[in-house]
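Coordinates from entry.txt are shown below (compact mmCIF, C-alpha atoms).
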# COMPACT_ATOMS: atom_id res chain seq x y z
CA MET Y 1 0.00 0.00 0.00
CA LYS Y 2 1.26 3.48 -0.83
CA ILE Y 3 0.32 5.81 1.98
CA ALA Y 4 0.74 9.58 2.15
CA PHE Y 5 1.38 11.54 5.33
CA VAL Y 6 -0.61 14.75 5.25
CA THR Y 7 -1.21 17.54 7.71
CA ILE Y 8 -4.68 18.64 8.79
CA VAL Y 9 -4.35 21.77 6.66
CA ALA Y 10 -3.37 19.73 3.63
CA LEU Y 11 -6.60 17.79 3.83
CA VAL Y 12 -8.63 20.86 3.02
CA ALA Y 13 -6.03 22.85 1.17
CA MET Y 14 -3.05 21.44 -0.58
CA ALA Y 15 -0.44 18.72 -0.38
CA SER Y 16 3.25 18.66 -1.08
CA ALA Y 17 5.78 15.88 -0.90
CA MET Y 18 9.30 14.80 -0.21
CA PRO Y 19 11.00 12.57 -2.80
CA ALA Y 20 11.05 8.79 -2.58
CA LYS Y 21 14.63 8.76 -3.76
CA LYS Y 22 17.40 11.30 -4.04
CA GLN Y 23 17.05 13.78 -6.86
CA ASP Y 24 19.26 16.58 -8.14
CA SER Y 25 19.17 19.53 -5.79
CA TYR Y 26 17.55 21.81 -8.37
CA PHE Y 27 14.63 19.48 -9.04
CA PRO Y 28 11.42 20.39 -7.19
CA THR Y 29 10.42 17.53 -4.92
CA ASN Y 30 6.77 18.29 -4.37
CA ARG Y 31 4.95 18.34 -7.70
CA PHE Y 32 2.94 15.16 -7.72
CA ILE Y 33 -0.79 14.53 -8.19
CA VAL Y 34 -1.16 10.89 -9.25
CA GLY Y 35 -4.42 9.28 -10.32
CA GLY Y 36 -6.34 12.55 -10.22
CA VAL Y 37 -8.55 14.55 -12.55
CA PRO Y 38 -8.59 18.23 -13.58
CA ALA Y 39 -10.25 20.51 -11.06
CA THR Y 40 -13.01 22.80 -12.20
CA PRO Y 41 -11.48 26.27 -12.72
CA TYR Y 42 -11.35 28.09 -9.35
CA GLU Y 43 -12.91 25.12 -7.55
CA PHE Y 44 -10.33 25.64 -4.79
CA PRO Y 45 -10.22 29.44 -4.38
CA HIS Y 46 -7.79 29.21 -1.46
CA ILE Y 47 -4.98 27.54 -3.41
CA VAL Y 48 -2.01 29.59 -4.57
CA ASP Y 49 0.74 28.71 -7.01
CA MET Y 50 4.15 29.10 -5.36
CA ARG Y 51 7.02 29.93 -7.69
CA LEU Y 52 10.67 29.87 -6.77
CA SER Y 53 13.11 31.82 -8.91
CA PRO Y 54 14.68 30.68 -11.20
CA TYR Y 55 12.88 27.32 -11.33
CA GLY Y 56 9.23 28.30 -11.76
CA HIS Y 57 6.40 26.37 -10.11
CA TRP Y 58 7.63 24.90 -6.84
CA CYS Y 59 4.80 24.17 -4.39
CA ALA Y 60 1.28 25.18 -3.53
CA GLY Y 61 -0.16 26.91 -0.52
CA SER Y 62 -3.48 27.96 0.98
CA ILE Y 63 -4.70 31.45 1.78
CA ILE Y 64 -5.69 31.84 5.43
CA SER Y 65 -6.11 35.63 5.37
CA PRO Y 66 -5.50 38.40 2.80
CA GLU Y 67 -1.87 38.65 3.94
CA TRP Y 68 -0.98 35.10 4.95
CA VAL Y 69 -0.59 31.73 3.22
CA VAL Y 70 0.07 28.37 4.87
CA THR Y 71 2.33 25.87 3.11
CA ALA Y 72 4.92 23.17 3.85
CA ALA Y 73 8.10 24.00 5.73
CA HIS Y 74 10.20 22.00 3.26
CA CYS Y 75 8.95 24.34 0.51
CA SER Y 76 9.97 27.45 2.41
CA ASP Y 77 13.70 27.29 3.14
CA SER Y 78 15.01 29.41 0.24
CA ALA Y 79 15.61 33.15 0.28
CA MET Y 80 12.40 35.08 0.91
CA THR Y 81 12.91 37.26 -2.16
CA SER Y 82 13.00 34.16 -4.38
CA TYR Y 83 9.30 33.42 -3.87
CA THR Y 84 6.16 34.72 -5.50
CA LEU Y 85 2.62 33.50 -4.74
CA THR Y 86 -0.20 33.68 -7.27
CA ALA Y 87 -3.87 33.45 -6.33
CA GLY Y 88 -6.73 33.11 -8.80
CA GLU Y 89 -4.66 30.64 -10.83
CA HIS Y 90 -5.82 27.57 -12.79
CA ASN Y 91 -3.60 27.16 -15.87
CA ILE Y 92 0.05 27.71 -14.93
CA THR Y 93 1.63 27.28 -18.36
CA SER Y 94 3.29 30.22 -20.08
CA GLY Y 95 0.26 30.55 -22.33
CA GLY Y 96 -2.20 30.21 -19.50
CA VAL Y 97 -2.73 33.87 -18.57
CA GLU Y 98 -6.38 34.05 -17.60
CA GLY Y 99 -6.62 37.62 -16.35
CA THR Y 100 -7.66 36.44 -12.89
CA GLU Y 101 -4.21 36.06 -11.37
CA GLN Y 102 -2.99 38.05 -8.37
CA VAL Y 103 0.80 37.84 -8.11
CA ARG Y 104 2.32 38.79 -4.78
CA GLN Y 105 5.84 38.99 -3.36
CA VAL Y 106 6.65 37.11 -0.17
CA VAL Y 107 7.84 39.53 2.52
CA LYS Y 108 8.06 37.23 5.55
CA ILE Y 109 8.42 33.50 6.20
CA ILE Y 110 7.74 31.76 9.53
CA ILE Y 111 8.74 28.09 9.69
CA HIS Y 112 7.42 25.99 12.58
CA PRO Y 113 10.16 25.98 15.25
CA GLY Y 114 9.68 22.24 15.75
CA TYR Y 115 10.01 21.32 12.08
CA GLY Y 116 11.95 18.10 11.63
CA SER Y 117 12.14 17.21 15.32
CA PRO Y 118 11.93 14.63 16.68
CA HIS Y 119 10.50 13.01 13.53
CA ARG Y 120 12.09 14.02 10.24
CA TYR Y 121 8.77 15.14 8.74
CA GLU Y 122 7.06 16.42 11.87
CA ASN Y 123 5.66 19.97 12.01
CA ASP Y 124 6.22 20.39 8.27
CA ILE Y 125 4.31 23.67 8.12
CA ALA Y 126 5.17 27.30 7.42
CA LEU Y 127 3.50 30.68 6.95
CA MET Y 128 4.28 33.18 4.19
CA LYS Y 129 3.23 36.82 4.34
CA VAL Y 130 2.56 38.61 1.07
CA ALA Y 131 2.52 42.28 0.08
CA PRO Y 132 0.27 43.80 -0.96
CA PRO Y 133 -2.53 41.66 0.51
CA PHE Y 134 -4.65 39.52 -1.80
CA ASP Y 135 -7.94 41.05 -2.92
CA LEU Y 136 -10.59 38.56 -1.81
CA SER Y 137 -13.30 37.69 -4.33
CA THR Y 138 -15.40 34.74 -5.44
CA ILE Y 139 -12.27 33.06 -6.84
CA VAL Y 140 -9.77 34.14 -4.15
CA GLN Y 141 -10.88 33.05 -0.68
CA PRO Y 142 -9.31 31.89 2.61
CA VAL Y 143 -9.37 28.18 3.33
CA VAL Y 144 -11.60 26.86 6.09
CA VAL Y 145 -9.11 25.79 8.77
CA PRO Y 146 -10.24 22.91 11.02
CA ASP Y 147 -10.35 23.49 14.75
CA VAL Y 148 -8.13 21.65 17.20
CA ASN Y 149 -10.72 18.90 17.69
CA PHE Y 150 -10.97 18.11 13.98
CA ALA Y 151 -12.01 14.50 13.32
CA PRO Y 152 -10.55 12.98 10.13
CA THR Y 153 -13.08 12.41 7.37
CA SER Y 154 -13.27 9.10 5.50
CA ILE Y 155 -12.15 10.78 2.26
CA ALA Y 156 -9.86 13.76 1.72
CA THR Y 157 -9.34 15.78 -1.44
CA VAL Y 158 -5.87 17.06 -2.24
CA ALA Y 159 -5.04 19.35 -5.14
CA GLY Y 160 -2.02 20.74 -6.91
CA TRP Y 161 -0.11 21.14 -10.15
CA GLY Y 162 2.04 18.04 -9.66
CA VAL Y 163 3.29 15.61 -12.26
CA LEU Y 164 0.79 12.93 -13.14
CA THR Y 165 3.15 9.96 -12.83
CA GLN Y 166 6.62 9.46 -11.38
CA GLY Y 167 9.01 11.21 -13.75
CA GLY Y 168 6.06 12.11 -15.98
CA ALA Y 169 4.65 15.28 -17.48
CA TYR Y 170 3.33 18.26 -15.57
CA PRO Y 171 -0.30 19.28 -16.06
CA ASP Y 172 -1.27 22.67 -17.42
CA VAL Y 173 -4.16 23.01 -14.98
CA LEU Y 174 -4.88 22.36 -11.32
CA MET Y 175 -5.49 18.68 -10.57
CA LYS Y 176 -7.32 17.00 -7.68
CA VAL Y 177 -7.54 13.49 -6.25
CA ASP Y 178 -9.67 11.88 -3.53
CA VAL Y 179 -7.82 9.60 -1.12
CA PRO Y 180 -9.21 7.46 1.75
CA PHE Y 181 -8.31 7.65 5.43
CA VAL Y 182 -5.84 5.04 6.73
CA ASP Y 183 -5.76 4.21 10.43
CA ASP Y 184 -2.65 4.94 12.50
CA ALA Y 185 -1.63 1.31 13.04
CA THR Y 186 -1.74 0.46 9.33
CA CYS Y 187 0.03 3.64 8.34
CA ASN Y 188 2.77 3.22 10.93
CA ALA Y 189 3.33 -0.40 9.88
CA ASN Y 190 3.83 0.69 6.27
CA TYR Y 191 6.45 3.22 7.34
CA VAL Y 192 8.23 1.35 10.12
CA GLU Y 193 11.46 1.08 8.14
CA TYR Y 194 11.39 4.86 7.69
CA GLY Y 195 10.93 5.58 11.37
CA GLY Y 196 7.18 5.17 11.50
CA THR Y 197 4.73 8.01 11.97
CA ALA Y 198 4.57 10.79 14.53
CA GLU Y 199 1.57 11.21 16.83
CA SER Y 200 0.69 14.51 15.14
CA MET Y 201 0.37 12.89 11.69
CA ILE Y 202 -2.69 11.42 10.03
CA CYS Y 203 -2.67 9.29 6.90
CA TYR Y 204 -4.62 9.23 3.66
CA GLY Y 205 -3.84 7.33 0.48
CA GLU Y 206 -4.15 4.23 -1.65
CA ALA Y 207 -2.27 2.57 -4.48
CA GLY Y 208 -2.46 4.55 -7.70
CA LYS Y 209 -3.73 7.74 -6.06
CA ASP Y 210 -1.37 10.13 -4.40
CA SER Y 211 -0.54 13.75 -3.72
CA CYS Y 212 3.08 12.80 -4.06
CA GLN Y 213 4.96 10.40 -6.27
CA ALA Y 214 3.94 7.10 -7.83
CA GLY Y 215 6.01 4.19 -6.65
CA GLY Y 216 7.92 3.87 -3.41
CA TYR Y 217 7.01 5.31 -0.04
CA ILE Y 218 6.43 9.04 0.13
CA HIS Y 219 6.24 11.30 3.15
CA CYS Y 220 3.92 14.30 2.71
What would the structure in this file look like if it were written as structure tokens?
Amino acid sequence: MKIAFVTIVALVAMASAMPAKKQDSYFPTNRFIVGGVPATPYEFPHIVDMRLSPYGHWCAGSIISPEWVVTAAHCSDSAMTSYTLTAGEHNITSGGVEGTEQVRQVVKIIIHPGYGSPHRYENDIALMKVAPPFDLSTIVQPVVVPDVNFAPTSIATVAGWGVLTQGGAYPDVLMKVDVPFVDDATCNANYVEYGGTAESMICYGEAGKDSCQAGGYIHC
């Protein structure tokens, strides 16, 4: 079974991934939506396209307020001035200018102080502040953030502009995939050789559907 680790925020917002095997340092490691389908344009009005200069699309994030976006810590460790975030995006190709995009510069990054400790992928969360703030509209909206007592749903939807297969092509448009909940014992057993799971993690995934990379074990 191929299981993905996701954070609570990722369940309602976005997912990003670490690689199953070592890749060149310049290659983005978080661009995978496997077994999914194209999202309806602006179906996920909270999602932003994160670009890292000079590489282009790098990760995704979710708007939580006009000035702040939540994303993965492992996406956020480059120079602040290297990032731009675009809301109101669907087609991210060079020819995909839709007239709805709001491009913003990142002016502050806050990475969770407990990121990577004690578990390598624990607290993999960060905040990015943009300037000027996003203009909220019907297609640019904050994500609904679960409260502390959030109970996992049986199915989660993850979305992004990731490659469609391991080593495969990138989509032009935002993709989405539904993945089922996996209980802690099963998930931990599948990852025991990688150190297991942390108490703060929950698991969703199944073979052939992933927010990460097809083949091998992926930590999200």
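Between CA of Trp161 (chain Y) and CA of Val69 (chain Y) the separation is 17.1 Å.
For the point (-8.2, 32.9, 7.1), the residues with at least one atom inside 8 Å, counting all atoms listed in the file, are Ile63, Ile64, Ser65, Pro66, Trp68, Pro142, Val143, Val144 and Val145 of chain Y.
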* Quick one: pull the distance between CA of Val70 (chain Y) and CA of Arg120 (chain Y), Å, one decimal. =>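 Computing it gives 19.5 Å between the two atoms.
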* Asked: Which one of Y:Gly196, Y:Gly208, Y:Pro146, Y:Gly160 sits closest to Met50 (chain Y) if you count only C-alpha atoms?
  ->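 Ranked by minimum distance to Met50 (chain Y), first place goes to Y:Gly160.
Residue nearest Gly114 (chain Y) within the list Y:Thr86, Y:Ala73, Y:Met175, Y:Gly162: Y:Ala73 [criterion: smallest interatomic distance, all atoms listed in the file].
With distances restricted to all atoms listed in the file, Y:His112 is the closest residue to Asp124 (chain Y) from Y:His90, Y:Leu164, Y:Met80, Y:His112.
Coordinates place CA of Thr71 (chain Y) at a distance of 5.8 Å from CA of Ile125 (chain Y).
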* Polymer residues at most 12 Å from (13.4, 30.2, 3.3) by all atoms listed in the file, as a PyMOL selection string -> chain Y and resi 52+71-83+106-112+126-128
* Which one of Y:Ala87, Y:Thr197, Y:Ala151, Y:Glu98 sits closest to Glu122 (chain Y) if you count all atoms listed in the file? ->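 Using all atoms listed in the file, the shortest distance to Glu122 (chain Y) belongs to Y:Thr197.
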* **Within 9 Å of Asp183 (chain Y) using all atoms listed in the file, minus same-chain residues under 4 positions, as an MDAnalysis selection string** => chainID Y and resid 187:188 202:204
Using the file's own x, y and z axes, so that the box edges lie along x, y and z, what centre and edge lengths in Å (one decimal) does a box around every listed atom of region 127-131 of chain Y get when 4 Å is added on each side? Give it as lines of an AutoDock Vina configuration file.
center_x = 3.4
center_y = 36.5
center_z = 3.5
size_x = 9.8
size_y = 19.6
size_z = 14.9
* Find, counting only C-alpha atoms, the residue in Y:Cys59, Y:Val163, Y:Ala207, Y:Ala198 that gets nearest to Val179 (chain Y). => Y:Ala207
* Rank nothing, just name the residue among Y:Leu85, Y:Ala39, Y:Ile47, Y:Val177 nearest to Ile139 (chain Y), using all atoms listed in the file. => Y:Ile47
